[in-house]
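Printed here is entry.pdb (PDB, C-alpha atoms, pLDDT in the B column):
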ATOM      1  CA  MET A   1     -82.066 107.274  48.198  1.00 66.00           C
ATOM      2  CA  ILE A   2     -85.516 107.101  49.803  1.00 69.00           C
ATOM      3  CA  GLN A   3     -87.205 107.895  46.499  1.00 72.00           C
ATOM      4  CA  GLY A   4     -85.347 105.012  44.895  1.00 69.00           C
ATOM      5  CA  LEU A   5     -86.485 102.634  47.628  1.00 61.00           C
ATOM      6  CA  LEU A   6     -90.086 103.811  47.330  1.00 64.00           C
ATOM      7  CA  LEU A   7     -89.985 103.335  43.556  1.00 64.00           C
ATOM      8  CA  PHE A   8     -88.508  99.857  43.982  1.00 65.00           C
ATOM      9  CA  ALA A   9     -91.192  98.960  46.546  1.00 62.00           C
ATOM     10  CA  ALA A  10     -93.953 100.190  44.228  1.00 62.00           C
ATOM     11  CA  GLU A  11     -92.591  98.132  41.340  1.00 61.00           C
ATOM     12  CA  GLU A  12     -92.347  95.031  43.517  1.00 60.00           C
ATOM     13  CA  ALA A  13     -95.968  95.460  44.653  1.00 63.00           C
ATOM     14  CA  GLU A  14     -97.294  95.257  41.097  1.00 73.00           C
ATOM     15  CA  ARG A  15     -98.362  91.805  40.013  1.00 78.00           C
ATOM     16  CA  SER A  16     -97.325  90.349  36.701  1.00 84.00           C
ATOM     17  CA  GLU A  17    -100.041  90.016  34.063  1.00 87.00           C
ATOM     18  CA  THR A  18     -98.299  87.036  32.454  1.00 90.00           C
ATOM     19  CA  PRO A  19    -100.458  84.360  34.188  1.00 90.00           C
ATOM     20  CA  PHE A  20    -103.585  86.064  32.859  1.00 91.00           C
ATOM     21  CA  TYR A  21    -102.211  86.121  29.318  1.00 93.00           C
ATOM     22  CA  VAL A  22    -101.179  82.470  29.511  1.00 93.00           C
ATOM     23  CA  ALA A  23    -104.588  81.408  30.836  1.00 93.00           C
ATOM     24  CA  GLY A  24    -106.307  83.509  28.176  1.00 93.00           C
ATOM     25  CA  VAL A  25    -104.306  81.913  25.362  1.00 95.00           C
ATOM     26  CA  ILE A  26    -105.042  78.428  26.711  1.00 95.00           C
ATOM     27  CA  PHE A  27    -108.752  79.268  26.970  1.00 95.00           C
ATOM     28  CA  ALA A  28    -108.773  80.675  23.429  1.00 95.00           C
ATOM     29  CA  CYS A  29    -107.068  77.532  22.090  1.00 96.00           C
ATOM     30  CA  TRP A  30    -109.653  75.420  23.915  1.00 95.00           C
ATOM     31  CA  ALA A  31    -112.457  77.417  22.316  1.00 95.00           C
ATOM     32  CA  ILE A  32    -110.914  76.994  18.856  1.00 96.00           C
ATOM     33  CA  PHE A  33    -110.507  73.259  19.459  1.00 94.00           C
ATOM     34  CA  ILE A  34    -114.144  72.909  20.535  1.00 94.00           C
ATOM     35  CA  GLY A  35    -115.365  74.961  17.583  1.00 93.00           C
ATOM     36  CA  VAL A  36    -113.333  73.101  14.975  1.00 94.00           C
ATOM     37  CA  SER A  37    -114.170  69.719  16.477  1.00 91.00           C
ATOM     38  CA  GLY A  38    -117.863  70.553  16.537  1.00 90.00           C
ATOM     39  CA  LEU A  39    -117.850  71.703  12.917  1.00 92.00           C
ATOM     40  CA  ARG A  40    -115.873  68.714  11.617  1.00 92.00           C
ATOM     41  CA  SER A  41    -117.812  65.943  13.333  1.00 88.00           C
ATOM     42  CA  ALA A  42    -121.555  65.500  13.408  1.00 86.00           C
ATOM     43  CA  SER A  43    -121.211  63.161  16.392  1.00 87.00           C
ATOM     44  CA  PHE A  44    -119.024  65.473  18.483  1.00 87.00           C
ATOM     45  CA  ALA A  45    -120.014  65.178  22.145  1.00 84.00           C
ATOM     46  CA  SER A  46    -122.691  62.713  21.161  1.00 88.00           C
ATOM     47  CA  THR A  47    -123.415  61.515  24.695  1.00 91.00           C
ATOM     48  CA  ALA A  48    -124.690  63.589  27.564  1.00 92.00           C
ATOM     49  CA  ALA A  49    -121.613  62.737  29.649  1.00 93.00           C
ATOM     50  CA  GLN A  50    -119.274  64.052  26.945  1.00 91.00           C
ATOM     51  CA  GLY A  51    -121.272  67.257  26.666  1.00 90.00           C
ATOM     52  CA  ARG A  52    -121.255  67.780  30.415  1.00 95.00           C
ATOM     53  CA  THR A  53    -117.511  67.159  30.534  1.00 94.00           C
ATOM     54  CA  LEU A  54    -116.872  69.759  27.836  1.00 93.00           C
ATOM     55  CA  ILE A  55    -119.069  72.261  29.639  1.00 93.00           C
ATOM     56  CA  ALA A  56    -117.369  71.548  32.979  1.00 96.00           C
ATOM     57  CA  VAL A  57    -113.875  72.000  31.526  1.00 95.00           C
ATOM     58  CA  SER A  58    -114.945  75.205  29.795  1.00 95.00           C
ATOM     59  CA  LEU A  59    -116.478  76.587  32.990  1.00 96.00           C
ATOM     60  CA  LEU A  60    -113.386  75.739  35.030  1.00 95.00           C
ATOM     61  CA  MET A  61    -111.161  77.478  32.494  1.00 94.00           C
ATOM     62  CA  MET A  62    -113.442  80.514  32.468  1.00 95.00           C
ATOM     63  CA  ILE A  63    -113.467  80.707  36.268  1.00 95.00           C
ATOM     64  CA  ALA A  64    -109.677  80.381  36.318  1.00 93.00           C
ATOM     65  CA  CYS A  65    -109.289  83.236  33.816  1.00 93.00           C
ATOM     66  CA  MET A  66    -111.676  85.435  35.776  1.00 94.00           C
ATOM     67  CA  GLY A  67    -109.961  84.634  39.071  1.00 93.00           C
ATOM     68  CA  ILE A  68    -106.535  85.394  37.657  1.00 92.00           C
ATOM     69  CA  ALA A  69    -107.835  88.684  36.227  1.00 92.00           C
ATOM     70  CA  VAL A  70    -109.164  89.708  39.633  1.00 92.00           C
ATOM     71  CA  TYR A  71    -105.932  88.658  41.345  1.00 90.00           C
ATOM     72  CA  VAL A  72    -103.780  90.621  38.889  1.00 89.00           C
ATOM     73  CA  SER A  73    -105.975  93.734  39.090  1.00 86.00           C
ATOM     74  CA  ASN A  74    -105.623  94.078  42.874  1.00 74.00           C
TER      75      ASN A  74
END
As structure tokens - that is how I would like this structure written.
Amino acid sequence: MIQGLLLFAAEEAERSETPFYVAGVIFACWAIFIGVSGLRSASFASTAAQGRTLIAVSLLMMIACMGIAVYVSN
């Protein structure tokens, strides 16, 4: 009985890796979108503001993926 409770408690303490996988897939799709858009259009992110926005979104997504990975690993 006690072993069963300890096993149940250990399983409940583990965090799901699903949020990390979801964030990783979204980040990968973003990277593909940026790559394809950049290859198809010579004027992609033609202004400095557009370039900064793309960089900011990419950095936020990267930080989110890294933060989720750290959260899941603990």
Which residues, written as a PyMOL selection string, have at least one atom at most 12 Å from region 23-26 of chain A, with all atoms listed in the file counted and residues fewer than 4 positions away on the same chain left out?
chain A and resi 17-19+30-33+57-58+60-69
What's the separation between CA of Val70 (chain A) and CA of Ser16 (chain A), in Å to one decimal place?
12.2 Å
With distances taken over only C-alpha atoms, which of A:Ala48, A:Ser41, A:Leu59, A:Tyr71 is nearest to Phe27 (chain A)?
A:Leu59
Starting from the block above, write chain A out to a file with C-alpha atoms, as a PDB file, in the first residue's frame, please.
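The resulting file, selection_4.pdb, is reproduced below:
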ATOM      1  CA  MET A   1       0.000   0.000   0.000  1.00  0.00           C
ATOM      2  CA  ILE A   2       2.739   2.462   0.972  1.00  0.00           C
ATOM      3  CA  GLN A   3       4.802   1.526  -2.072  1.00  0.00           C
ATOM      4  CA  GLY A   4       1.820   2.271  -4.281  1.00  0.00           C
ATOM      5  CA  LEU A   5       1.367   5.686  -2.681  1.00  0.00           C
ATOM      6  CA  LEU A   6       5.062   6.491  -3.053  1.00  0.00           C
ATOM      7  CA  LEU A   7       4.970   5.472  -6.718  1.00  0.00           C
ATOM      8  CA  PHE A   8       1.870   7.598  -7.284  1.00  0.00           C
ATOM      9  CA  ALA A   9       3.516  10.579  -5.556  1.00  0.00           C
ATOM     10  CA  ALA A  10       6.656  10.197  -7.680  1.00  0.00           C
ATOM     11  CA  GLU A  11       4.608  10.091 -10.878  1.00  0.00           C
ATOM     12  CA  GLU A  12       2.639  13.171  -9.852  1.00  0.00           C
ATOM     13  CA  ALA A  13       5.868  15.082  -9.139  1.00  0.00           C
ATOM     14  CA  GLU A  14       7.117  14.653 -12.703  1.00  0.00           C
ATOM     15  CA  ARG A  15       6.290  17.519 -15.013  1.00  0.00           C
ATOM     16  CA  SER A  16       4.860  16.956 -18.449  1.00  0.00           C
ATOM     17  CA  GLU A  17       7.165  17.664 -21.387  1.00  0.00           C
ATOM     18  CA  THR A  18       4.230  18.542 -23.650  1.00  0.00           C
ATOM     19  CA  PRO A  19       4.554  22.354 -23.220  1.00  0.00           C
ATOM     20  CA  PHE A  20       8.188  22.138 -24.312  1.00  0.00           C
ATOM     21  CA  TYR A  21       7.278  20.137 -27.409  1.00  0.00           C
ATOM     22  CA  VAL A  22       4.479  22.542 -28.312  1.00  0.00           C
ATOM     23  CA  ALA A  23       6.736  25.581 -27.892  1.00  0.00           C
ATOM     24  CA  GLY A  24       9.467  23.864 -29.903  1.00  0.00           C
ATOM     25  CA  VAL A  25       7.113  23.098 -32.791  1.00  0.00           C
ATOM     26  CA  ILE A  26       5.829  26.683 -32.798  1.00  0.00           C
ATOM     27  CA  PHE A  27       9.406  28.006 -32.776  1.00  0.00           C
ATOM     28  CA  ALA A  28      10.388  25.656 -35.611  1.00  0.00           C
ATOM     29  CA  CYS A  29       7.381  26.777 -37.681  1.00  0.00           C
ATOM     30  CA  TRP A  30       8.356  30.397 -37.036  1.00  0.00           C
ATOM     31  CA  ALA A  31      11.886  29.691 -38.237  1.00  0.00           C
ATOM     32  CA  ILE A  32      10.577  28.008 -41.398  1.00  0.00           C
ATOM     33  CA  PHE A  33       8.239  30.943 -42.030  1.00  0.00           C
ATOM     34  CA  ILE A  34      11.078  33.451 -41.635  1.00  0.00           C
ATOM     35  CA  GLY A  35      13.379  31.416 -43.867  1.00  0.00           C
ATOM     36  CA  VAL A  36      10.847  30.914 -46.646  1.00  0.00           C
ATOM     37  CA  SER A  37       9.693  34.525 -46.491  1.00  0.00           C
ATOM     38  CA  GLY A  38      13.264  35.773 -46.655  1.00  0.00           C
ATOM     39  CA  LEU A  39      14.088  33.579 -49.644  1.00  0.00           C
ATOM     40  CA  ARG A  40      10.929  34.454 -51.590  1.00  0.00           C
ATOM     41  CA  SER A  41      11.017  38.223 -51.179  1.00  0.00           C
ATOM     42  CA  ALA A  42      13.962  40.503 -51.763  1.00  0.00           C
ATOM     43  CA  SER A  43      12.254  43.221 -49.716  1.00  0.00           C
ATOM     44  CA  PHE A  44      11.469  41.038 -46.697  1.00  0.00           C
ATOM     45  CA  ALA A  45      11.921  43.074 -43.514  1.00  0.00           C
ATOM     46  CA  SER A  46      12.971  46.020 -45.619  1.00  0.00           C
ATOM     47  CA  THR A  47      12.732  48.582 -42.822  1.00  0.00           C
ATOM     48  CA  ALA A  48      14.716  48.624 -39.624  1.00  0.00           C
ATOM     49  CA  ALA A  49      11.521  48.466 -37.549  1.00  0.00           C
ATOM     50  CA  GLN A  50      10.394  45.284 -39.315  1.00  0.00           C
ATOM     51  CA  GLY A  51      13.787  43.690 -38.772  1.00  0.00           C
ATOM     52  CA  ARG A  52      13.804  44.602 -35.098  1.00  0.00           C
ATOM     53  CA  THR A  53      10.290  43.225 -34.689  1.00  0.00           C
ATOM     54  CA  LEU A  54      11.279  39.903 -36.249  1.00  0.00           C
ATOM     55  CA  ILE A  55      14.339  39.701 -34.027  1.00  0.00           C
ATOM     56  CA  ALA A  56      12.306  40.580 -30.922  1.00  0.00           C
ATOM     57  CA  VAL A  57       9.666  37.931 -31.652  1.00  0.00           C
ATOM     58  CA  SER A  58      12.363  35.348 -32.339  1.00  0.00           C
ATOM     59  CA  LEU A  59      14.183  36.180 -29.105  1.00  0.00           C
ATOM     60  CA  LEU A  60      10.980  35.994 -27.067  1.00  0.00           C
ATOM     61  CA  MET A  61      10.162  32.597 -28.550  1.00  0.00           C
ATOM     62  CA  MET A  62      13.689  31.370 -27.867  1.00  0.00           C
ATOM     63  CA  ILE A  63      13.567  32.581 -24.261  1.00  0.00           C
ATOM     64  CA  ALA A  64      10.171  30.924 -23.811  1.00  0.00           C
ATOM     65  CA  CYS A  65      11.496  27.600 -25.138  1.00  0.00           C
ATOM     66  CA  MET A  66      14.548  27.787 -22.896  1.00  0.00           C
ATOM     67  CA  GLY A  67      12.460  28.712 -19.860  1.00  0.00           C
ATOM     68  CA  ILE A  68      10.036  25.869 -20.460  1.00  0.00           C
ATOM     69  CA  ALA A  69      12.953  23.444 -20.869  1.00  0.00           C
ATOM     70  CA  VAL A  70      14.399  24.528 -17.529  1.00  0.00           C
ATOM     71  CA  TYR A  71      10.993  24.313 -15.847  1.00  0.00           C
ATOM     72  CA  VAL A  72      10.349  20.806 -17.190  1.00  0.00           C
ATOM     73  CA  SER A  73      13.829  19.555 -16.258  1.00  0.00           C
ATOM     74  CA  ASN A  74      13.466  20.450 -12.566  1.00  0.00           C
TER      75      ASN A  74
END
